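Notes follow once the structure below has been shown.
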Amino acid sequence: MQPPASVATKRGALLAPYASNPAQSRGRRHAEPAAPTRDDFQRDRDRIVHSTAFRRLVYKTQVFLNHEGDLFRTRLTHSLEVAQLARSIARPLRLNEDLVEAIALAHDLGHTPFGHAGQDALNDCMAAHGGFEHNLQSLRVVDELEERYPQFDGLNLTFETREGILKHCSRANAERLEALEPGGVGRRFLDRTQPSLEAQLCNLADEIAYNAHDIDDGIRSGLITADQLDGVPLFTAPRDEALAEHPSLGGRRLLYETIRRMLSAQVYDVIDATSAALHVSGVSSADEVRQCAPLVQFSAGTRAGCATLKQFLFRNLYRHPQVVQTTHQAQDVVRDLFAAYVRDPAEMQADFAARADRERAVADYIAGMTDRFAVREHERLTGQRILP
Ligand code: MG
């Protein structure tokens with residue numbers, strides 16, 4: 001089947017010269033024939049949406065555990081919000097929306113059950129065995145752990161999508177990656193260079209998304225109140241604007257209108273600040289971007305506003321006694337599971353039990369669990385029900 005006339009060239013023409021162009025992709029680890037109607041980044045996005053790890057995100061915690069309420073963000077809805085925000089910024093900047101969407105939808109695939117609590121506990125358990133980093137785990141999911149193709153493990157995504165997924169990486173892990181794949185996605189952590197603009201953008205969109213939705217979820221949970229946010233200009237400025245236009249607005253509708261304006265303000269701020277930075281840098285290709293300082297950015301004012309908001313959320317939400325208590329319980333679940341499977345690997349699914357790298361197999365198995373599967377397994381193996 002031939003692609004409809006010049007689909008690829010037309011799309012390419014809409015991209016800025018410094019955007020990632022699928023026609024110039026550094027390719028996949030296993031060569032595959034081109035698809036008739038989709039370019040390589042669209043294909044990456046589609047592979048991610050159809051993966052098992054993606055479906056599991058619906059039952060994985062963002063901040064509030066799955067059982068705590070039906071309306072809180074999960075890793076899945078968080079990832080969709082990141083994709084929406086990143087695409088809204090990518091289009092006016094003429095960056096590659098398909099690549100941005102692929103990276104955003106995949107960025108949290110490696111997260112353990114129970115959010116950061118689970119990842120910290122698993123990292124402690126793996127301290128003597130190479131540690132556990134969720135970004136690296138997201139890469140492991142798409143490179144090795146998904147089983148969907150007859151010819152290879154993983155999803156065989158392009159370099160550019162994999163580069164975006166590996167947001168952070170320790171030096172030791174970067175060296176390990178570089179040994180396996182010279183000049184590959186680990187290299188930039190050794191060279192201290194930047195990833196594509198699309199990858200940089202997903203990073204900021206992630207931050208915009210969770211800063212806003214954690215306010216919403218935090219207030220919904222009753223752990224924080226809107227009044228407590230009085231010292232947070234990123235929140236009070238749009239709230240005061242909304243009240244100036246709609247003086248009788250209150251309650252939930254005022255909160256939503258505030259968050260809506262807050263999101264818009266940050267999106268436009270990134271578009272403006274990044275346009276200016278791109279102009280000053282004079283970059284004219286995706287490869288030049290990698291040699292520059294980060295170009296996708298907030299203005300200095302918004303950057304400071306985000307820092308204040310983040311500080312607020314840390315003090316008042318992430319370290320709220322109720323969240324801390326659940327965190328400790330979740331960490332106990334992960335630690336008990338790790339000990340139980342290392343002691344008796346046969347308790348795991350057969351293909352994990354059969355692996356020679358026992359601790360890493362256990363970490364992969366636990367990291368892939370949804371919150372509720374982890375709780376059920378914990379009860380089966382210990383006889384205790386720590387979380388509802
Ligand atoms: Mg995220």
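Residues are named by chain letter and number: chains run A, B, ... in the order of the structure tokens, numbers start at 1 in each chain, and ligands are numbered from 1 in the order shown.
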* Which residues sit within 12 Å of ligand 1, counting only C-alpha atoms and all ligand atoms, listed as an MDAnalysis selection string? -> chainID A and resid 57 60:63 73:83 103:111 115:116 134:135 138 165 167 202:211 213:214
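Residues in contact with region 291-306 of chain A at 7 Å, where only C-alpha atoms are counted and same-chain residues fewer than 3 positions away are skipped, are listed as Thr193, Gln194, Leu197, Gln200, Leu201, Pro233, Leu234, Asp269, Val270, Ala273, Thr274, Ala277, Leu278, Glu288, Leu309 and Lys310 of chain A.
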Give me, as a tab-separated table, each residue of region 171-289 of chain A that comes within 12 Å of region 67-72 of chain A, together with its shortest interatomic pair and the distance in Å at one decimal, counting only C-alpha atoms, with rows ordered by chain and rising residue number.
residue	atom	partner	partner_atom	distance
A:Tyr210	CA	A:Phe72	CA	11.8
A:His213	CA	A:Phe72	CA	8.8
A:Asp214	CA	A:Phe72	CA	9.0
A:Ile215	CA	A:Phe72	CA	11.0
A:Asp216	CA	A:Phe72	CA	8.6
A:Asp217	CA	A:Phe72	CA	5.8
A:Gly218	CA	A:Phe72	CA	9.0
A:Ile219	CA	A:Phe72	CA	10.6
A:Arg220	CA	A:Phe72	CA	8.2
A:Ser221	CA	A:Gly69	CA	8.5
A:Gly222	CA	A:Glu68	CA	11.9
* **Test item: residues at most 9 Å from region 126-128 of chain A, only C-alpha atoms, excluding those fewer than 6 positions along its chain, as a VMD selection string** => chain A and resid 359 to 360 363
Could you save the residues just selected, with N, CA, C and O atoms, as a compact mmCIF listing (two decimals), in the first residue's frame?
# COMPACT_ATOMS: atom_id res chain seq x y z
N GLU A 359 16.80 -10.58 41.86
CA GLU A 359 16.31 -9.32 42.46
C GLU A 359 15.71 -8.40 41.40
O GLU A 359 14.69 -7.75 41.62
N ARG A 360 16.36 -8.32 40.23
CA ARG A 360 15.84 -7.44 39.17
C ARG A 360 14.51 -7.98 38.66
O ARG A 360 13.59 -7.20 38.36
N ALA A 363 11.98 -6.89 41.15
CA ALA A 363 11.70 -5.45 41.01
C ALA A 363 10.82 -5.20 39.78
O ALA A 363 9.86 -4.42 39.85
* To do: Would you kindly return, as a PyMOL selection string, each protein, DNA or RNA residue with an atom no farther than 7 Å from any atom of Ala117 (chain A), considering only C-alpha atoms and excluding same-chain residues fewer than 3 positions away?
  => chain A and resi 114+120-121+327+330-331
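Using only C-alpha atoms, the nearest neighbour of Arg358 (chain A) within the list A:Val185, A:Val342, A:Leu317, A:Leu85 is A:Val342.
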Can you tell me which residues surround Glu379 (chain A) at a distance of at most 12 Å, considering only C-alpha atoms, apart from same-chain residues fewer than 2 positions away, and format the answer as a PDB file with N, CA, C and O atoms, in the first residue's frame?
ATOM      1  N   ASP A 332       5.490  -0.572  53.379  1.00  0.00           N
ATOM      2  CA  ASP A 332       5.522  -1.897  54.013  1.00  0.00           C
ATOM      3  C   ASP A 332       5.066  -2.970  53.027  1.00  0.00           C
ATOM      4  O   ASP A 332       5.649  -4.060  52.962  1.00  0.00           O
ATOM      5  N   VAL A 333       4.022  -2.665  52.258  1.00  0.00           N
ATOM      6  CA  VAL A 333       3.523  -3.633  51.268  1.00  0.00           C
ATOM      7  C   VAL A 333       4.633  -3.979  50.282  1.00  0.00           C
ATOM      8  O   VAL A 333       4.911  -5.153  50.015  1.00  0.00           O
ATOM      9  N   VAL A 334       5.304  -2.960  49.745  1.00  0.00           N
ATOM     10  CA  VAL A 334       6.357  -3.201  48.743  1.00  0.00           C
ATOM     11  C   VAL A 334       7.519  -3.977  49.355  1.00  0.00           C
ATOM     12  O   VAL A 334       8.007  -4.951  48.768  1.00  0.00           O
ATOM     13  N   ASP A 336       7.509  -6.013  52.004  1.00  0.00           N
ATOM     14  CA  ASP A 336       7.107  -7.392  52.297  1.00  0.00           C
ATOM     15  C   ASP A 336       7.044  -8.221  51.014  1.00  0.00           C
ATOM     16  O   ASP A 336       7.465  -9.382  50.998  1.00  0.00           O
ATOM     17  N   LEU A 337       6.511  -7.620  49.954  1.00  0.00           N
ATOM     18  CA  LEU A 337       6.418  -8.350  48.682  1.00  0.00           C
ATOM     19  C   LEU A 337       7.810  -8.693  48.169  1.00  0.00           C
ATOM     20  O   LEU A 337       8.073  -9.817  47.734  1.00  0.00           O
ATOM     21  N   ALA A 340       9.297 -11.508  50.148  1.00  0.00           N
ATOM     22  CA  ALA A 340       8.610 -12.782  49.897  1.00  0.00           C
ATOM     23  C   ALA A 340       9.016 -13.391  48.551  1.00  0.00           C
ATOM     24  O   ALA A 340       9.259 -14.602  48.461  1.00  0.00           O
ATOM     25  N   ARG A 372      -4.003  -2.300  43.466  1.00  0.00           N
ATOM     26  CA  ARG A 372      -4.876  -3.318  44.075  1.00  0.00           C
ATOM     27  C   ARG A 372      -4.312  -4.720  43.934  1.00  0.00           C
ATOM     28  O   ARG A 372      -4.510  -5.554  44.802  1.00  0.00           O
ATOM     29  N   PHE A 373      -3.572  -4.986  42.849  1.00  0.00           N
ATOM     30  CA  PHE A 373      -2.943  -6.306  42.723  1.00  0.00           C
ATOM     31  C   PHE A 373      -1.871  -6.459  43.802  1.00  0.00           C
ATOM     32  O   PHE A 373      -1.740  -7.523  44.409  1.00  0.00           O
ATOM     33  N   ALA A 374      -1.119  -5.384  44.049  1.00  0.00           N
ATOM     34  CA  ALA A 374      -0.081  -5.440  45.083  1.00  0.00           C
ATOM     35  C   ALA A 374      -0.700  -5.723  46.450  1.00  0.00           C
ATOM     36  O   ALA A 374      -0.186  -6.539  47.225  1.00  0.00           O
ATOM     37  N   VAL A 375      -1.823  -5.069  46.743  1.00  0.00           N
ATOM     38  CA  VAL A 375      -2.490  -5.278  48.041  1.00  0.00           C
ATOM     39  C   VAL A 375      -2.980  -6.720  48.161  1.00  0.00           C
ATOM     40  O   VAL A 375      -2.815  -7.369  49.199  1.00  0.00           O
ATOM     41  N   ARG A 376      -3.560  -7.241  47.072  1.00  0.00           N
ATOM     42  CA  ARG A 376      -4.056  -8.642  47.084  1.00  0.00           C
ATOM     43  C   ARG A 376      -2.911  -9.641  47.253  1.00  0.00           C
ATOM     44  O   ARG A 376      -3.011 -10.595  48.016  1.00  0.00           O
ATOM     45  N   GLU A 377      -1.826  -9.409  46.528  1.00  0.00           N
ATOM     46  CA  GLU A 377      -0.667 -10.295  46.633  1.00  0.00           C
ATOM     47  C   GLU A 377      -0.089 -10.259  48.041  1.00  0.00           C
ATOM     48  O   GLU A 377       0.308 -11.280  48.592  1.00  0.00           O
ATOM     49  N   LEU A 381       0.325 -13.460  50.509  1.00  0.00           N
ATOM     50  CA  LEU A 381       1.637 -13.949  50.935  1.00  0.00           C
ATOM     51  C   LEU A 381       1.900 -13.753  52.428  1.00  0.00           C
ATOM     52  O   LEU A 381       2.706 -14.475  53.015  1.00  0.00           O
ATOM     53  N   THR A 382       1.237 -12.782  53.055  1.00  0.00           N
ATOM     54  CA  THR A 382       1.537 -12.491  54.463  1.00  0.00           C
ATOM     55  C   THR A 382       0.345 -12.739  55.387  1.00  0.00           C
ATOM     56  O   THR A 382       0.500 -12.743  56.607  1.00  0.00           O
ATOM     57  N   GLY A 383      -0.839 -12.871  54.794  1.00  0.00           N
ATOM     58  CA  GLY A 383      -2.044 -13.027  55.624  1.00  0.00           C
ATOM     59  C   GLY A 383      -2.520 -11.723  56.237  1.00  0.00           C
ATOM     60  O   GLY A 383      -3.508 -11.685  56.946  1.00  0.00           O
ATOM     61  N   GLN A 384      -1.787 -10.614  55.950  1.00  0.00           N
ATOM     62  CA  GLN A 384      -2.196  -9.324  56.519  1.00  0.00           C
ATOM     63  C   GLN A 384      -2.793  -8.443  55.431  1.00  0.00           C
ATOM     64  O   GLN A 384      -2.300  -8.432  54.310  1.00  0.00           O
ATOM     65  N   ARG A 385      -3.802  -7.653  55.812  1.00  0.00           N
ATOM     66  CA  ARG A 385      -4.350  -6.667  54.880  1.00  0.00           C
ATOM     67  C   ARG A 385      -3.985  -5.292  55.433  1.00  0.00           C
ATOM     68  O   ARG A 385      -4.615  -4.787  56.342  1.00  0.00           O
ATOM     69  N   ILE A 386      -2.918  -4.690  54.861  1.00  0.00           N
ATOM     70  CA  ILE A 386      -2.453  -3.401  55.373  1.00  0.00           C
ATOM     71  C   ILE A 386      -3.310  -2.256  54.835  1.00  0.00           C
ATOM     72  O   ILE A 386      -3.675  -1.353  55.563  1.00  0.00           O
ATOM     73  N   LEU A 387      -3.619  -2.299  53.550  1.00  0.00           N
ATOM     74  CA  LEU A 387      -4.418  -1.228  52.939  1.00  0.00           C
ATOM     75  C   LEU A 387      -5.765  -1.797  52.515  1.00  0.00           C
ATOM     76  O   LEU A 387      -5.843  -2.981  52.202  1.00  0.00           O
ATOM     77  N   PRO A 388      -6.810  -0.960  52.492  1.00  0.00           N
ATOM     78  CA  PRO A 388      -8.138  -1.481  52.120  1.00  0.00           C
ATOM     79  C   PRO A 388      -8.159  -2.019  50.678  1.00  0.00           C
ATOM     80  O   PRO A 388      -7.407  -1.560  49.864  1.00  0.00           O
TER      81      PRO A 388
END
* Asked: Residues of region 27-143 of chain A in alpha helix (DSSP H) according to DSSP, as a PyMOL selection string?
  -> chain A and resi 40-49+52-56+75-93+97-106+115-125+134-140
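For the set A:Glu178, A:Ile224, A:Tyr268, A:Leu95, the residue with the smallest atom-to-atom gap to Arg319 (chain A) is A:Ile224, counting only C-alpha atoms.
Separating CA of Asp143 (chain A) from CA of Val100 (chain A) is a distance of 18.5 Å.
When only C-alpha atoms are used to compute distances to Pro113 (chain A), the closest of the residues A:Phe235, A:Phe189, A:Phe159, A:Tyr365 turns out to be A:Tyr365.
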* What's the 9 Å shell around Met262 (chain A), counting only C-alpha atoms, without same-chain residues fewer than 5 positions away, as number ranges by chain? -> A: 212, 234-235, 237-239, 257, 267
* How far is it from CA of Thr158 (chain A) to CA of Tyr59 (chain A), in Å with one decimal? -> 27.3 Å
* Asked: Which residue, A:Ile259, A:Leu65, A:Leu93, A:Ala35, has the smallest gap to Leu14 (chain A) when you use only C-alpha atoms?
  -> A:Leu93
* To do: Name the closest residue to Leu223 (chain A) among the candidates A:Glu101, A:Phe352, A:Asn316, A:Gln84; distances are taken between atoms, counting only C-alpha atoms.
  => A:Asn316
